[in-house]
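Structure first, commentary second.
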Amino acid sequence: MTRLKTITLGCSKNSVDTEHLLAQLPADSFCLAEEDIDCLLVNTCGFIGDAKEESVNAILEAVEAKKRGETKKVVVFGCLSQRYAKELPAEIPEVDAWFGARDLDPIVRYLGATPRKCTDRFITVPRGYAYLKISEGCDRRCSYCAIPYIRGAHRSVPMEDLVLEARSLAGKGVRELILIAQDTTWYGLDLYGRRALAELVARLSEIEGIEWIRIHYSYPADFPEDVLELMANNPKVCKYLDIPLQHISDVVLDKMHRHVTSAWTRDLVHRMRERIPGVVLRTTMIVGHPGEGPEEFEELLDFVREARFERLGAFTYSEEEGTFGALNFRDDIPEEVKADRLDRLMNTQREISMEFNRSRIGKTEKVLVDDVADGILVCRSQYESPEVDGEIIVKGNAAPGSFINVKINGCDDYDLTAGIAG
């Protein structure tokens with residue numbers, strides 16, 4: 001029996017890759033373990049500077065574990081090793097094998113198993129939700145983003161395979177599917193010649209046991225209108241949409257190669273609010289991008305105050321080698337200015353988030369129980385996505401993965417408290 005340990009860094013897409021990899025390994029020959037490890041698998045992230053540093057540190061810690069005799073081999077794969085396929089083996093020769101982000105079959109062969117098409121997942125952390133990666137890669141060429149160079153061109157997963165995978169997840173107790181990709185709105189174009197996200201979501205909603213479907217990472221340009229209609233009318237589709245807008249200034253959007261204008265973006269947000277009453281919008285913004293002067297930043301702040309996004313995350317611009325931005329723009333905004341703008345933006349958002357949370361006090365909401373400890377339930381409603389949004393804390397007893405009704409009775413900037421209703 002080969003004893004494996006996995007370390008997965010970065011986004012939820014990497015977690016799905018690790019689970020697909022493990023699902024291909026025969027259960028009678030492989031198992032997960034925490035000690036006496038035969039092979040330590042490190043799935044890395046190489047998106048931005050902080051993520052790269054975290055991945056390098058994890059690799060070095062794995063090498064040290066090998067020197068201490070805690071594992072016989074260290075295998076590294078994922079985005080970082082894809083991006084720096086020549087440099088890393090020379091810098092860290094103690095690693096036994098390096099693979100890229102698209103090398104799951106070669107890893108399976110290296111471990112001594114036979115690759116096979118697999119629509120199953122080895123769930124590493126049992127819970128009531130799971131991510132469903134509906135496509136790989138990206139055909140967009142945002143000037144700041146290295147993902148297309150790491151993950152390659154956009155490739156949709158066939159709809160039939162996703163339905164089979166979702167049914168398998170439902171059989172394991174998953175009640176919420178969170179659809180992820182580099183751009184979920186692009187789904188289907190390569191396979192079917194049309195955008196098929198709405199069709200996919202409709203088919204997934206027919207699966208017994210699945211009660212919530214949540215859509216993440218939706219690119220704003222040419223947003224498919226049929227998705228809005230589905231969200232408005234299908235009770236299984238959460239009235240929640242993650243749509244990274246990145247900025248509102250035409251100057252900055254043009255330099256970002258986002259293929260949208262300020263006017264288009266504002267109209268899209270208005271249409272979403274109008275067509276899906278009560279929708280919760282989550283977005284991300286980048287501050288300090290080349291071309292963002294004081295005027296452009298103030299325009300962004302004003303837009304955030306106007307749009308009242310219930311959920312918003314933000315990052316400072318990180319110049320990534322090989323991207324159009326790194327090759328063509330000067331990263332000339334001082335880091336202290338970027339940090340100050342980030343603080344101002346997030347302070348503005350904190351007030352908006354608190355306003356939204358206060359508006360929910362006294363309301364009864366259906367929530368999914370994510371975790372239970374000492375009579376405290378960690379829950380989410382359809383308006384919170386795991387890992388990126390706040391939580392609803394409830395005193396009581398319920399099984400993880402179950403739905404209960406709660407009455408909201410308190411809040412802070414991002415989290416809420418509630419009691420079990422009825």
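Labels used: A, B, ... for chains in the order of the structure tokens, numbers from 1 for residues in each chain, and numbers from 1 for ligands as shown.
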Trp212 of chain A surroundings by only C-alpha atoms, 8 Å radius, close-in-sequence under 4 positions cut, as an NGL selection string:
:A and (175-177 or 205 or 236-238 or 382)
For those residues, write N, CA and C atoms to a file as a PDB file, in the first residue's frame.
```pdb
ATOM      1  N   ARG A 175     -24.534  18.991  -1.133  1.00  0.00           N
ATOM      2  CA  ARG A 175     -25.823  19.630  -1.366  1.00  0.00           C
ATOM      3  C   ARG A 175     -25.705  20.941  -2.141  1.00  0.00           C
ATOM      4  N   GLU A 176     -24.504  21.486  -2.188  1.00  0.00           N
ATOM      5  CA  GLU A 176     -24.278  22.735  -2.918  1.00  0.00           C
ATOM      6  C   GLU A 176     -23.130  22.547  -3.900  1.00  0.00           C
ATOM      7  N   LEU A 177     -23.375  22.880  -5.165  1.00  0.00           N
ATOM      8  CA  LEU A 177     -22.338  22.879  -6.189  1.00  0.00           C
ATOM      9  C   LEU A 177     -21.910  24.320  -6.448  1.00  0.00           C
ATOM     10  N   SER A 205     -29.350  21.276 -12.007  1.00  0.00           N
ATOM     11  CA  SER A 205     -30.418  21.527 -11.035  1.00  0.00           C
ATOM     12  C   SER A 205     -31.421  20.379 -10.984  1.00  0.00           C
ATOM     13  N   LYS A 236     -33.221  26.586  -7.363  1.00  0.00           N
ATOM     14  CA  LYS A 236     -31.984  25.939  -6.931  1.00  0.00           C
ATOM     15  C   LYS A 236     -30.745  26.783  -7.221  1.00  0.00           C
ATOM     16  N   VAL A 237     -30.885  27.790  -8.051  1.00  0.00           N
ATOM     17  CA  VAL A 237     -29.742  28.634  -8.401  1.00  0.00           C
ATOM     18  C   VAL A 237     -29.672  29.794  -7.416  1.00  0.00           C
ATOM     19  N   CYS A 238     -28.579  29.862  -6.672  1.00  0.00           N
ATOM     20  CA  CYS A 238     -28.431  30.916  -5.663  1.00  0.00           C
ATOM     21  C   CYS A 238     -28.505  32.291  -6.322  1.00  0.00           C
ATOM     22  N   GLN A 382     -27.600  31.406   1.060  1.00  0.00           N
ATOM     23  CA  GLN A 382     -27.284  31.497  -0.366  1.00  0.00           C
ATOM     24  C   GLN A 382     -26.488  32.753  -0.690  1.00  0.00           C
TER      25      GLN A 382
END
```
What residues in segment 200-289 of chain A get the DSSP label strand (DSSP E)? Please answer as a PDB file with C-alpha atoms, in the first residue's frame.
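selection-v6.pdb was written with the following content:
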```
ATOM      1  CA  TRP A 212     -28.014  24.995  -4.316  1.00  0.00           C
ATOM      2  CA  ILE A 213     -25.957  25.895  -7.381  1.00  0.00           C
ATOM      3  CA  ARG A 214     -23.634  28.889  -7.126  1.00  0.00           C
ATOM      4  CA  ILE A 215     -21.807  30.537 -10.037  1.00  0.00           C
ATOM      5  CA  VAL A 237     -29.742  28.634  -8.401  1.00  0.00           C
ATOM      6  CA  CYS A 238     -28.431  30.916  -5.663  1.00  0.00           C
ATOM      7  CA  LYS A 239     -29.247  34.582  -6.108  1.00  0.00           C
ATOM      8  CA  TYR A 240     -25.535  35.235  -5.859  1.00  0.00           C
ATOM      9  CA  LEU A 241     -23.077  35.942  -8.634  1.00  0.00           C
ATOM     10  CA  ASP A 242     -19.313  36.329  -8.562  1.00  0.00           C
ATOM     11  CA  VAL A 280     -26.093  39.503  -4.075  1.00  0.00           C
ATOM     12  CA  LEU A 281     -23.139  40.537  -6.227  1.00  0.00           C
ATOM     13  CA  ARG A 282     -19.561  39.695  -5.420  1.00  0.00           C
ATOM     14  CA  THR A 283     -16.723  41.338  -7.314  1.00  0.00           C
ATOM     15  CA  THR A 284     -12.981  41.899  -7.150  1.00  0.00           C
ATOM     16  CA  MET A 285     -11.012  45.036  -7.921  1.00  0.00           C
ATOM     17  CA  ILE A 286      -7.364  45.729  -8.646  1.00  0.00           C
ATOM     18  CA  VAL A 287      -5.858  48.973  -7.355  1.00  0.00           C
TER      19      VAL A 287
END
```
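For Ala130 of chain A, the set of protein, DNA and RNA residues having any atom at most 10 Å away, when counting only C-alpha atoms and skipping those fewer than 4 positions along the same chain, is Ser12, Ser15, Val16, Ile123, Val125, Pro126, Ala166, Leu169, Ala170, Gly173, Val174, Arg175, Glu176, Leu177, Ile178, Leu179 and Pro386 of chain A.
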Surrounding residues of Thr348 of chain A excluding itself and chain neighbours under 5 positions, 9 Å, only C-alpha atoms, as a VMD selection string:
chain A and resid 301 304 to 305 343 353
Do you know which residues are at most 9 Å from Ser249 of chain A counting only C-alpha atoms, after dropping those on the same chain fewer than 4 positions away, and could you put them as a PDB file with all heavy atoms, in the first residue's frame?
```pdb
ATOM      1  N   LEU A 253      -9.465  50.165 -17.618  1.00  0.00           N
ATOM      2  CA  LEU A 253     -10.056  48.997 -18.280  1.00  0.00           C
ATOM      3  C   LEU A 253      -9.409  48.752 -19.636  1.00  0.00           C
ATOM      4  O   LEU A 253      -9.183  47.598 -20.031  1.00  0.00           O
ATOM      5  CB  LEU A 253     -11.563  49.193 -18.446  1.00  0.00           C
ATOM      6  CG  LEU A 253     -12.399  49.121 -17.175  1.00  0.00           C
ATOM      7  CD1 LEU A 253     -13.835  49.566 -17.466  1.00  0.00           C
ATOM      8  CD2 LEU A 253     -12.395  47.709 -16.583  1.00  0.00           C
ATOM      9  N   ASP A 254      -9.094  49.824 -20.347  1.00  0.00           N
ATOM     10  CA  ASP A 254      -8.434  49.677 -21.648  1.00  0.00           C
ATOM     11  C   ASP A 254      -7.036  49.082 -21.482  1.00  0.00           C
ATOM     12  O   ASP A 254      -6.648  48.175 -22.225  1.00  0.00           O
ATOM     13  CB  ASP A 254      -8.357  51.030 -22.343  1.00  0.00           C
ATOM     14  CG  ASP A 254      -7.725  50.939 -23.720  1.00  0.00           C
ATOM     15  OD1 ASP A 254      -8.278  50.246 -24.590  1.00  0.00           O
ATOM     16  OD2 ASP A 254      -6.650  51.541 -23.920  1.00  0.00           O
ATOM     17  N   THR A 261     -16.431  48.708 -21.239  1.00  0.00           N
ATOM     18  CA  THR A 261     -16.292  50.116 -20.891  1.00  0.00           C
ATOM     19  C   THR A 261     -16.958  50.371 -19.546  1.00  0.00           C
ATOM     20  O   THR A 261     -17.689  49.523 -19.021  1.00  0.00           O
ATOM     21  CB  THR A 261     -16.946  51.011 -21.943  1.00  0.00           C
ATOM     22  OG1 THR A 261     -18.361  50.737 -21.953  1.00  0.00           O
ATOM     23  CG2 THR A 261     -16.359  50.755 -23.325  1.00  0.00           C
ATOM     24  N   SER A 262     -16.728  51.557 -19.036  1.00  0.00           N
ATOM     25  CA  SER A 262     -17.392  51.960 -17.800  1.00  0.00           C
ATOM     26  C   SER A 262     -18.902  51.936 -17.976  1.00  0.00           C
ATOM     27  O   SER A 262     -19.636  51.436 -17.118  1.00  0.00           O
ATOM     28  CB  SER A 262     -16.924  53.358 -17.388  1.00  0.00           C
ATOM     29  OG  SER A 262     -17.634  53.824 -16.268  1.00  0.00           O
ATOM     30  N   GLU A 292      -3.653  54.007 -13.412  1.00  0.00           N
ATOM     31  CA  GLU A 292      -4.575  54.438 -12.366  1.00  0.00           C
ATOM     32  C   GLU A 292      -3.957  55.603 -11.597  1.00  0.00           C
ATOM     33  O   GLU A 292      -3.190  55.416 -10.648  1.00  0.00           O
ATOM     34  CB  GLU A 292      -4.894  53.290 -11.395  1.00  0.00           C
ATOM     35  CG  GLU A 292      -5.946  53.683 -10.361  1.00  0.00           C
ATOM     36  CD  GLU A 292      -6.022  52.693  -9.209  1.00  0.00           C
ATOM     37  OE1 GLU A 292      -5.051  52.640  -8.404  1.00  0.00           O
ATOM     38  OE2 GLU A 292      -7.032  51.990  -9.109  1.00  0.00           O
ATOM     39  N   GLU A 296      -8.563  58.338 -11.492  1.00  0.00           N
ATOM     40  CA  GLU A 296      -9.117  57.026 -11.814  1.00  0.00           C
ATOM     41  C   GLU A 296      -9.457  56.251 -10.544  1.00  0.00           C
ATOM     42  O   GLU A 296     -10.479  55.551 -10.494  1.00  0.00           O
ATOM     43  CB  GLU A 296      -8.136  56.228 -12.674  1.00  0.00           C
ATOM     44  CG  GLU A 296      -7.999  56.692 -14.103  1.00  0.00           C
ATOM     45  CD  GLU A 296      -7.171  57.965 -14.240  1.00  0.00           C
ATOM     46  OE1 GLU A 296      -6.370  58.261 -13.311  1.00  0.00           O
ATOM     47  OE2 GLU A 296      -7.319  58.665 -15.259  1.00  0.00           O
ATOM     48  N   PHE A 297      -8.635  56.412  -9.528  1.00  0.00           N
ATOM     49  CA  PHE A 297      -8.934  55.732  -8.274  1.00  0.00           C
ATOM     50  C   PHE A 297     -10.181  56.309  -7.612  1.00  0.00           C
ATOM     51  O   PHE A 297     -11.018  55.556  -7.079  1.00  0.00           O
ATOM     52  CB  PHE A 297      -7.749  55.793  -7.311  1.00  0.00           C
ATOM     53  CG  PHE A 297      -8.049  55.181  -5.972  1.00  0.00           C
ATOM     54  CD1 PHE A 297      -8.252  53.809  -5.830  1.00  0.00           C
ATOM     55  CD2 PHE A 297      -8.191  55.984  -4.839  1.00  0.00           C
ATOM     56  CE1 PHE A 297      -8.569  53.252  -4.610  1.00  0.00           C
ATOM     57  CE2 PHE A 297      -8.506  55.421  -3.605  1.00  0.00           C
ATOM     58  CZ  PHE A 297      -8.690  54.050  -3.496  1.00  0.00           C
ATOM     59  N   GLU A 299     -12.649  57.606  -9.118  1.00  0.00           N
ATOM     60  CA  GLU A 299     -13.768  57.104  -9.910  1.00  0.00           C
ATOM     61  C   GLU A 299     -14.151  55.701  -9.451  1.00  0.00           C
ATOM     62  O   GLU A 299     -15.343  55.362  -9.361  1.00  0.00           O
ATOM     63  CB  GLU A 299     -13.411  57.098 -11.396  1.00  0.00           C
ATOM     64  CG  GLU A 299     -14.566  56.670 -12.293  1.00  0.00           C
ATOM     65  CD  GLU A 299     -14.199  56.672 -13.769  1.00  0.00           C
ATOM     66  OE1 GLU A 299     -13.070  57.074 -14.121  1.00  0.00           O
ATOM     67  OE2 GLU A 299     -15.054  56.253 -14.584  1.00  0.00           O
ATOM     68  N   LEU A 300     -13.161  54.885  -9.146  1.00  0.00           N
ATOM     69  CA  LEU A 300     -13.426  53.532  -8.645  1.00  0.00           C
ATOM     70  C   LEU A 300     -14.143  53.585  -7.297  1.00  0.00           C
ATOM     71  O   LEU A 300     -15.138  52.873  -7.083  1.00  0.00           O
ATOM     72  CB  LEU A 300     -12.110  52.759  -8.518  1.00  0.00           C
ATOM     73  CG  LEU A 300     -12.195  51.364  -7.891  1.00  0.00           C
ATOM     74  CD1 LEU A 300     -13.093  50.456  -8.713  1.00  0.00           C
ATOM     75  CD2 LEU A 300     -10.801  50.766  -7.735  1.00  0.00           C
TER      76      LEU A 300
END
```
Set the distance at 8 Å and use only C-alpha atoms: which residues neighbour segment 95-109 of chain A once local chain neighbours fewer than 3 positions away are removed? I'd like the list as a count of residues only.
26
For Phe324 of chain A, which of A:Arg121, A:Arg167, A:Lys86, A:His257 is the closest residue, counting only C-alpha atoms?
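Residue with the minimum atom-to-atom distance to Phe324 of chain A: A:His257.
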Quick one: everything within 9 Å of Tyr317 of chain A, counting only C-alpha atoms, minus sequence neighbours fewer than 4 positions away in the same chain. Send it as a PyMOL selection string.
chain A and resi 144+286-290+331+338
Pairwise distance for atom CA of Val394 of chain A and atom CA of Leu377 of chain A, rounded to one decimal in Å
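Atom CA of Leu377 of chain A lies 5.0 Å from atom CA of Val394 of chain A.
For the residues A:Phe122, A:Ala58, A:Cys11, A:Leu342, ranking by smallest atom-to-atom distance to Ala27 of chain A using only C-alpha atoms places A:Phe122 first.
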Rounded to one decimal, what separation in Å do you get between atom CA of Asn328 of chain A and atom CA of Ser143 of chain A?
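Interatomic distance, atom CA of Asn328 of chain A to atom CA of Ser143 of chain A: 9.1 Å.
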